[in-house]
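**Q** A single structure is presented below for examination.
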Amino acid sequence: MTSLAVVTGGNRGIGYAVCARLAADGYKVLMVARDPVRGRRAAAALAGDVECVPGDLTTVASVRRLAEDLRTRCPRVEVLVHNAGLWPSRRVLTGDGLEESFAVNHLAPFLLNHLLEDRLERVVQVSAGIYVKGRAEPGRTAVGADFSSLRTYADTKLCNLLTVPLFAERWRDRGITIDAVHPGVIRTGLGDRGGPLGWLLKAAKRKWATPEEGAAPVAALARGTGTGRYFDQTREVPLEGPAADRDLARRIWDEAEELTAAR
């Protein structure tokens, strides 16, 4: 039987390259994309069995709708890759009143894991090494109270990473594994800006690794068997700083449960 992989944010950048690699490995790939037109165009451009599934990760209600669609399509999800991510340049609140990158980078993966856990076998979270610069503060990070165009991305990635060991513990006796990976500094559109800063960033990105290079460690983990680990590309490393704070992890988990239950 063909294995099935779901990849969020799969229509461009690292996600697109991950879809290509998994399809080449024989997976049936469901490419989750917010824009259905661009998603279908991206899926059609890939060789193999790749299908676009429209999905908005910005609100709890839209994540629930996506999960229901995936449940209808998939009796089993062998691999779920949380790749979708935002690096915001300004504070934007979603329909739930939450800061948008918090919703996409942290809350959506958290909720999808819960809504699909009876179908899951393997989860790979695309993380970011910049998490070490982040601060996760329940009640503040969620609404962007300390918003920074430079640090909020790190804050939200830290929130998400804090939950990975807790999911590993939750699923240890259920046959589900989860790992997180920083794919490297990759040349994608993430964090693009306008003006002089934007031009400087584009110039710097020319020297960064390609999405195809960034996809390699993600796709490799999709075929992995361990759980609760964090990888800097292909090298397993311990979590540092606040990411290793178990009390903070539990508080972030409890907050996410409250935010998703209330909507």
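Chain lettering (A, B, ...) mirrors the order of the structure tokens, residue numbering begins at 1 for each chain separately, and ligand numbering begins at 1 in order of display.
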May I have the residues within 7 Å of range 151-168 of chain A as a list in words, using only C-alpha atoms and disregarding those fewer than 5 positions away in the same chain?
**A**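 Counting only C-alpha atoms, the residues come to Trp87, Ser101, Phe102, Asn105, His106, Ser127, Ala128, Ile130, Tyr131, Lys133, Gly134, Arg135, Ala136, Thr177, Ile178, Asp179, Thr227, Gly228, Ala243, Ala249, Ile252 and Trp253 of chain A.
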**Q** List every residue of range 4-225 of chain A that DSSP, applied to the backbone of this structure, places in helix (DSSP H, G or I), and write the result as a VMD selection string.
**A** chain A and resid 13 to 24 36 to 44 60 to 73 100 to 116 129 to 133 141 to 143 152 to 171 195 to 205 211 to 222
**Q** Can you pull out the residues contacting Asn83 in chain A? Cut-off 9 Å, using only C-alpha atoms, and skip same-chain residues under 3 positions away; I want them as a list in words.
**A**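 With the cut-off at 9 Å, the set is Val7, Thr8, Gly9, Gly10, Ile14, Gly15, Asn105, Val124, Gln125, Val126 and Ser127 of chain A.
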**Q** Measure the distance from CA of His82 in chain A to CA of Pro211 in chain A in Å and round it to one decimal.
**A**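 Going from CA of His82 in chain A over to CA of Pro211 in chain A, I get 15.5 Å.
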**Q** Measuring between only C-alpha atoms, which one of A:His114, A:Arg235, A:Arg91, A:Arg174 shows the shortest distance to Leu150 in chain A?
**A**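 Closest residue, counting only C-alpha atoms: A:Arg91.
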**Q** Excluding Glu117 in chain A and its own-chain neighbours fewer than 2 positions away, which residues fall within 12 Å of it when counting only C-alpha atoms? Please give them as a PyMOL selection string.
**A** chain A and resi 67+70-71+75-80+109-115+119-123+167-168+170-171+174-178
**Q** Write the residues you've just listed into a file as a PDB file, in the first residue's frame, and include N, CA and C atoms for each of them.
**A**
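The resulting again.pdb:
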```pdb
ATOM      1  N   ALA A  67      -8.477  19.894   8.962  1.00  0.00           N
ATOM      2  CA  ALA A  67      -8.341  18.573   9.585  1.00  0.00           C
ATOM      3  C   ALA A  67      -9.488  17.656   9.170  1.00  0.00           C
ATOM      4  N   LEU A  70      -8.834  16.480   5.672  1.00  0.00           N
ATOM      5  CA  LEU A  70      -7.787  15.456   5.655  1.00  0.00           C
ATOM      6  C   LEU A  70      -8.298  14.129   6.210  1.00  0.00           C
ATOM      7  N   ARG A  71      -9.119  14.184   7.223  1.00  0.00           N
ATOM      8  CA  ARG A  71      -9.668  12.951   7.795  1.00  0.00           C
ATOM      9  C   ARG A  71     -10.561  12.239   6.777  1.00  0.00           C
ATOM     10  N   PRO A  75      -7.416   7.685   5.561  1.00  0.00           N
ATOM     11  CA  PRO A  75      -7.611   6.765   6.681  1.00  0.00           C
ATOM     12  C   PRO A  75      -6.358   6.647   7.541  1.00  0.00           C
ATOM     13  N   ARG A  76      -5.200   6.953   6.924  1.00  0.00           N
ATOM     14  CA  ARG A  76      -3.927   6.904   7.646  1.00  0.00           C
ATOM     15  C   ARG A  76      -2.990   7.956   7.078  1.00  0.00           C
ATOM     16  N   VAL A  77      -2.258   8.656   7.952  1.00  0.00           N
ATOM     17  CA  VAL A  77      -1.254   9.642   7.528  1.00  0.00           C
ATOM     18  C   VAL A  77       0.095   9.148   8.027  1.00  0.00           C
ATOM     19  N   GLU A  78       0.864   8.561   7.129  1.00  0.00           N
ATOM     20  CA  GLU A  78       2.164   8.021   7.532  1.00  0.00           C
ATOM     21  C   GLU A  78       3.138   9.120   7.929  1.00  0.00           C
ATOM     22  N   VAL A  79       3.072  10.277   7.258  1.00  0.00           N
ATOM     23  CA  VAL A  79       3.971  11.389   7.566  1.00  0.00           C
ATOM     24  C   VAL A  79       3.198  12.701   7.494  1.00  0.00           C
ATOM     25  N   LEU A  80       3.293  13.501   8.537  1.00  0.00           N
ATOM     26  CA  LEU A  80       2.753  14.863   8.549  1.00  0.00           C
ATOM     27  C   LEU A  80       3.922  15.811   8.745  1.00  0.00           C
ATOM     28  N   PRO A 109       0.041  23.817  13.985  1.00  0.00           N
ATOM     29  CA  PRO A 109       0.616  22.471  14.151  1.00  0.00           C
ATOM     30  C   PRO A 109       0.133  21.774  15.420  1.00  0.00           C
ATOM     31  N   PHE A 110       0.048  22.532  16.501  1.00  0.00           N
ATOM     32  CA  PHE A 110      -0.421  21.962  17.770  1.00  0.00           C
ATOM     33  C   PHE A 110      -1.813  21.370  17.604  1.00  0.00           C
ATOM     34  N   LEU A 111      -2.719  22.128  16.991  1.00  0.00           N
ATOM     35  CA  LEU A 111      -4.095  21.677  16.842  1.00  0.00           C
ATOM     36  C   LEU A 111      -4.205  20.526  15.841  1.00  0.00           C
ATOM     37  N   LEU A 112      -3.495  20.606  14.718  1.00  0.00           N
ATOM     38  CA  LEU A 112      -3.528  19.516  13.741  1.00  0.00           C
ATOM     39  C   LEU A 112      -3.033  18.202  14.347  1.00  0.00           C
ATOM     40  N   ASN A 113      -1.992  18.287  15.162  1.00  0.00           N
ATOM     41  CA  ASN A 113      -1.490  17.078  15.820  1.00  0.00           C
ATOM     42  C   ASN A 113      -2.591  16.410  16.645  1.00  0.00           C
ATOM     43  N   HIS A 114      -3.368  17.214  17.343  1.00  0.00           N
ATOM     44  CA  HIS A 114      -4.441  16.664  18.170  1.00  0.00           C
ATOM     45  C   HIS A 114      -5.584  16.118  17.313  1.00  0.00           C
ATOM     46  N   LEU A 115      -5.969  16.865  16.294  1.00  0.00           N
ATOM     47  CA  LEU A 115      -7.136  16.487  15.501  1.00  0.00           C
ATOM     48  C   LEU A 115      -6.880  15.268  14.617  1.00  0.00           C
ATOM     49  N   ARG A 119      -4.805   9.109  13.373  1.00  0.00           N
ATOM     50  CA  ARG A 119      -4.436   8.658  12.028  1.00  0.00           C
ATOM     51  C   ARG A 119      -2.923   8.737  11.788  1.00  0.00           C
ATOM     52  N   LEU A 120      -2.203   9.301  12.726  1.00  0.00           N
ATOM     53  CA  LEU A 120      -0.791   9.622  12.493  1.00  0.00           C
ATOM     54  C   LEU A 120       0.147   8.461  12.789  1.00  0.00           C
ATOM     55  N   GLU A 121       1.279   8.476  12.077  1.00  0.00           N
ATOM     56  CA  GLU A 121       2.400   7.597  12.391  1.00  0.00           C
ATOM     57  C   GLU A 121       3.667   8.397  12.682  1.00  0.00           C
ATOM     58  N   ARG A 122       3.888   9.446  11.913  1.00  0.00           N
ATOM     59  CA  ARG A 122       5.150  10.182  11.992  1.00  0.00           C
ATOM     60  C   ARG A 122       4.883  11.671  11.758  1.00  0.00           C
ATOM     61  N   VAL A 123       5.460  12.530  12.610  1.00  0.00           N
ATOM     62  CA  VAL A 123       5.334  13.983  12.466  1.00  0.00           C
ATOM     63  C   VAL A 123       6.722  14.589  12.414  1.00  0.00           C
ATOM     64  N   PHE A 167       4.730  16.154  23.007  1.00  0.00           N
ATOM     65  CA  PHE A 167       4.030  15.269  22.075  1.00  0.00           C
ATOM     66  C   PHE A 167       4.700  13.897  22.044  1.00  0.00           C
ATOM     67  N   ALA A 168       6.029  13.875  22.074  1.00  0.00           N
ATOM     68  CA  ALA A 168       6.746  12.590  22.068  1.00  0.00           C
ATOM     69  C   ALA A 168       6.331  11.735  23.268  1.00  0.00           C
ATOM     70  N   ARG A 170       3.471  12.058  25.011  1.00  0.00           N
ATOM     71  CA  ARG A 170       2.043  11.739  24.862  1.00  0.00           C
ATOM     72  C   ARG A 170       1.833  10.537  23.949  1.00  0.00           C
ATOM     73  N   TRP A 171       2.646  10.459  22.902  1.00  0.00           N
ATOM     74  CA  TRP A 171       2.454   9.438  21.866  1.00  0.00           C
ATOM     75  C   TRP A 171       3.330   8.204  22.022  1.00  0.00           C
ATOM     76  N   ARG A 174       1.593   5.048  21.690  1.00  0.00           N
ATOM     77  CA  ARG A 174       0.576   5.016  20.628  1.00  0.00           C
ATOM     78  C   ARG A 174       1.189   4.745  19.258  1.00  0.00           C
ATOM     79  N   GLY A 175       2.496   4.557  19.219  1.00  0.00           N
ATOM     80  CA  GLY A 175       3.132   4.266  17.949  1.00  0.00           C
ATOM     81  C   GLY A 175       3.304   5.466  17.040  1.00  0.00           C
ATOM     82  N   ILE A 176       3.265   6.669  17.608  1.00  0.00           N
ATOM     83  CA  ILE A 176       3.460   7.894  16.824  1.00  0.00           C
ATOM     84  C   ILE A 176       4.778   8.522  17.243  1.00  0.00           C
ATOM     85  N   THR A 177       5.580   8.944  16.277  1.00  0.00           N
ATOM     86  CA  THR A 177       6.852   9.595  16.581  1.00  0.00           C
ATOM     87  C   THR A 177       6.852  11.008  16.039  1.00  0.00           C
ATOM     88  N   ILE A 178       7.671  11.877  16.650  1.00  0.00           N
ATOM     89  CA  ILE A 178       7.768  13.273  16.241  1.00  0.00           C
ATOM     90  C   ILE A 178       9.199  13.762  16.453  1.00  0.00           C
TER      91      ILE A 178
END
```
**Q** Using only C-alpha atoms, can you tell me which of A:Arg38, A:Leu116, A:Ala244, A:Arg223 comes closest to Asp25 in chain A?
**A**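 Smallest separation from Asp25 in chain A among the options: A:Arg223.
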**Q** Using only C-alpha atoms, which of the listed residues (A:Thr58, A:Thr225, A:Thr72, A:Thr2) sits closest to Leu107 in chain A?
**A**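 Ranked by minimum distance to Leu107 in chain A, first place goes to A:Thr58.
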**Q** Pick out the residues sitting within 12 Å of Ala20 in chain A, and hand them over as a ChimeraX atom specification; count only C-alpha atoms, and ignore anything fewer than 4 positions along from it in its own chain.
**A** /A:5,7,10-16,24-31,42-51,211-212,215-216,218-219
**Q** Just asking: which residues within range 24-160 of chain A are strand (DSSP E) according to DSSP, as a PyMOL selection string?
**A** chain A and resi 28-33+50-54+79-82+122-126
**Q** Keeping only all heavy atoms, take the residues you just selected and write them out as a short mmCIF file (atom, residue, chain, number, x, y, z; two decimals), in the first residue's frame.
**A**
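Result saved to selection_37.cif:
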```
data_model
loop_
_atom_site.label_atom_id
_atom_site.label_comp_id
_atom_site.auth_asym_id
_atom_site.auth_seq_id
_atom_site.Cartn_x
_atom_site.Cartn_y
_atom_site.Cartn_z
N LYS A 28 2.33 9.11 -1.79
CA LYS A 28 1.26 9.97 -2.27
C LYS A 28 1.31 11.21 -1.39
O LYS A 28 1.30 11.10 -0.16
CB LYS A 28 -0.11 9.31 -2.14
CG LYS A 28 -1.26 10.26 -2.52
CD LYS A 28 -2.61 9.60 -2.41
CE LYS A 28 -3.75 10.60 -2.65
NZ LYS A 28 -3.67 11.26 -3.98
N VAL A 29 1.41 12.39 -1.99
CA VAL A 29 1.63 13.62 -1.24
C VAL A 29 0.41 14.53 -1.33
O VAL A 29 -0.07 14.83 -2.44
CB VAL A 29 2.87 14.38 -1.76
CG1 VAL A 29 3.06 15.68 -0.99
CG2 VAL A 29 4.11 13.50 -1.65
N LEU A 30 -0.09 14.95 -0.19
CA LEU A 30 -1.11 15.98 -0.13
C LEU A 30 -0.44 17.28 0.26
O LEU A 30 0.11 17.43 1.35
CB LEU A 30 -2.20 15.61 0.89
CG LEU A 30 -3.00 14.34 0.60
CD1 LEU A 30 -4.12 14.17 1.62
CD2 LEU A 30 -3.56 14.35 -0.81
N MET A 31 -0.44 18.21 -0.68
CA MET A 31 0.22 19.51 -0.53
C MET A 31 -0.80 20.52 -0.01
O MET A 31 -1.72 20.92 -0.73
CB MET A 31 0.76 19.96 -1.89
CG MET A 31 1.32 21.36 -1.93
SD MET A 31 1.62 21.93 -3.65
CE MET A 31 3.02 20.94 -4.11
N VAL A 32 -0.67 20.92 1.24
CA VAL A 32 -1.58 21.90 1.82
C VAL A 32 -1.12 23.30 1.45
O VAL A 32 0.03 23.68 1.72
CB VAL A 32 -1.67 21.75 3.35
CG1 VAL A 32 -2.59 22.82 3.94
CG2 VAL A 32 -2.16 20.35 3.72
N ALA A 33 -2.01 24.07 0.83
CA ALA A 33 -1.68 25.43 0.39
C ALA A 33 -2.84 26.36 0.68
O ALA A 33 -4.01 26.00 0.45
CB ALA A 33 -1.35 25.45 -1.10
N VAL A 50 0.88 13.77 -6.53
CA VAL A 50 0.82 14.96 -5.67
C VAL A 50 -0.51 15.66 -5.91
O VAL A 50 -0.89 15.93 -7.05
CB VAL A 50 1.97 15.94 -5.97
CG1 VAL A 50 1.92 17.13 -5.00
CG2 VAL A 50 3.31 15.24 -5.88
N GLU A 51 -1.20 15.97 -4.82
CA GLU A 51 -2.51 16.61 -4.90
C GLU A 51 -2.55 17.80 -3.95
O GLU A 51 -2.06 17.72 -2.82
CB GLU A 51 -3.60 15.61 -4.54
CG GLU A 51 -5.01 16.14 -4.60
CD GLU A 51 -6.03 15.09 -4.19
OE1 GLU A 51 -5.64 13.90 -4.05
OE2 GLU A 51 -7.20 15.45 -4.01
N CYS A 52 -3.15 18.88 -4.40
CA CYS A 52 -3.29 20.06 -3.55
C CYS A 52 -4.53 19.94 -2.67
O CYS A 52 -5.61 19.56 -3.14
CB CYS A 52 -3.39 21.33 -4.40
SG CYS A 52 -3.80 22.82 -3.46
N VAL A 53 -4.37 20.29 -1.39
CA VAL A 53 -5.49 20.39 -0.47
C VAL A 53 -5.52 21.82 0.06
O VAL A 53 -4.60 22.23 0.78
CB VAL A 53 -5.34 19.41 0.72
CG1 VAL A 53 -6.51 19.58 1.69
CG2 VAL A 53 -5.27 17.98 0.23
N PRO A 54 -6.51 22.64 -0.33
CA PRO A 54 -6.57 24.01 0.18
C PRO A 54 -6.73 24.02 1.70
O PRO A 54 -7.53 23.24 2.24
CB PRO A 54 -7.81 24.59 -0.52
CG PRO A 54 -8.01 23.73 -1.73
CD PRO A 54 -7.58 22.35 -1.30
N VAL A 79 3.07 10.28 7.26
CA VAL A 79 3.97 11.39 7.57
C VAL A 79 3.20 12.70 7.49
O VAL A 79 2.53 12.98 6.49
CB VAL A 79 5.16 11.47 6.59
CG1 VAL A 79 6.09 12.62 6.97
CG2 VAL A 79 5.93 10.17 6.56
N LEU A 80 3.29 13.50 8.54
CA LEU A 80 2.75 14.86 8.55
C LEU A 80 3.92 15.81 8.75
O LEU A 80 4.60 15.77 9.78
CB LEU A 80 1.74 15.03 9.68
CG LEU A 80 1.24 16.45 9.96
CD1 LEU A 80 0.58 17.06 8.73
CD2 LEU A 80 0.29 16.46 11.16
N VAL A 81 4.18 16.65 7.74
CA VAL A 81 5.28 17.61 7.81
C VAL A 81 4.70 19.00 8.02
O VAL A 81 4.01 19.54 7.15
CB VAL A 81 6.13 17.59 6.52
CG1 VAL A 81 7.26 18.63 6.62
CG2 VAL A 81 6.71 16.20 6.28
N HIS A 82 4.97 19.58 9.19
CA HIS A 82 4.56 20.95 9.48
C HIS A 82 5.63 21.89 8.94
O HIS A 82 6.65 22.15 9.61
CB HIS A 82 4.41 21.16 10.99
CG HIS A 82 3.30 20.38 11.61
ND1 HIS A 82 1.98 20.55 11.26
CD2 HIS A 82 3.32 19.40 12.56
CE1 HIS A 82 1.22 19.74 11.98
NE2 HIS A 82 2.01 19.03 12.77
N ARG A 122 3.89 9.45 11.91
CA ARG A 122 5.15 10.18 11.99
C ARG A 122 4.88 11.67 11.76
O ARG A 122 4.15 12.03 10.83
CB ARG A 122 6.11 9.66 10.92
CG ARG A 122 7.44 10.37 10.83
CD ARG A 122 8.40 9.82 11.84
NE ARG A 122 9.75 10.32 11.67
CZ ARG A 122 10.53 10.67 12.68
NH1 ARG A 122 10.10 10.60 13.93
NH2 ARG A 122 11.77 11.09 12.47
N VAL A 123 5.46 12.53 12.61
CA VAL A 123 5.33 13.98 12.47
C VAL A 123 6.72 14.59 12.41
O VAL A 123 7.59 14.25 13.22
CB VAL A 123 4.53 14.60 13.64
CG1 VAL A 123 4.48 16.12 13.51
CG2 VAL A 123 3.13 14.00 13.70
N VAL A 124 6.93 15.47 11.45
CA VAL A 124 8.19 16.21 11.34
C VAL A 124 7.86 17.70 11.39
O VAL A 124 7.10 18.20 10.57
CB VAL A 124 8.94 15.88 10.04
CG1 VAL A 124 10.21 16.72 9.94
CG2 VAL A 124 9.27 14.39 9.98
N GLN A 125 8.44 18.39 12.37
CA GLN A 125 8.23 19.82 12.52
C GLN A 125 9.44 20.57 11.96
O GLN A 125 10.56 20.38 12.44
CB GLN A 125 8.05 20.19 13.99
CG GLN A 125 7.87 21.67 14.23
CD GLN A 125 6.61 22.21 13.58
OE1 GLN A 125 5.51 21.70 13.83
NE2 GLN A 125 6.76 23.23 12.75
N VAL A 126 9.21 21.39 10.94
CA VAL A 126 10.29 22.22 10.41
C VAL A 126 10.46 23.40 11.36
O VAL A 126 9.58 24.25 11.48
CB VAL A 126 9.99 22.70 8.98
CG1 VAL A 126 11.13 23.59 8.47
CG2 VAL A 126 9.81 21.50 8.04
#
```
**Q** Measuring atom to atom with only C-alpha atoms, identify which of A:Asp173, A:Gly129, A:Asp69, A:Ser149 is nearest to Leu86 in chain A.
**A**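 Nearest candidate to Leu86 in chain A out of A:Asp173, A:Gly129, A:Asp69, A:Ser149: A:Ser149.
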**Q** Have a look at A:Cys19, A:Val185, A:Val6, A:Cys74 and name the one nearest to Asp118 in chain A; count only C-alpha atoms.
**A**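 When distances to Asp118 in chain A are compared using only C-alpha atoms, the smallest one comes from A:Cys74.
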**Q** Write out as a PyMOL selection string the residues lying within 9 Å of Asp232 in chain A, counting only C-alpha atoms and excluding same-chain residues fewer than 3 positions away.
**A** chain A and resi 128-129+180-184+217+235-237
**Q** Report the distance between CA of Arg263 in chain A and CA of Thr59 in chain A in Å, rounded to one decimal place.
**A** 8.9 Å
**Q** Have a look at A:Leu239, A:Val92, A:Ala108, A:Val143 and name the one nearest to Leu66 in chain A; count only C-alpha atoms.
**A**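 Of A:Leu239, A:Val92, A:Ala108, A:Val143, the one nearest Leu66 in chain A is A:Ala108, counting only C-alpha atoms.
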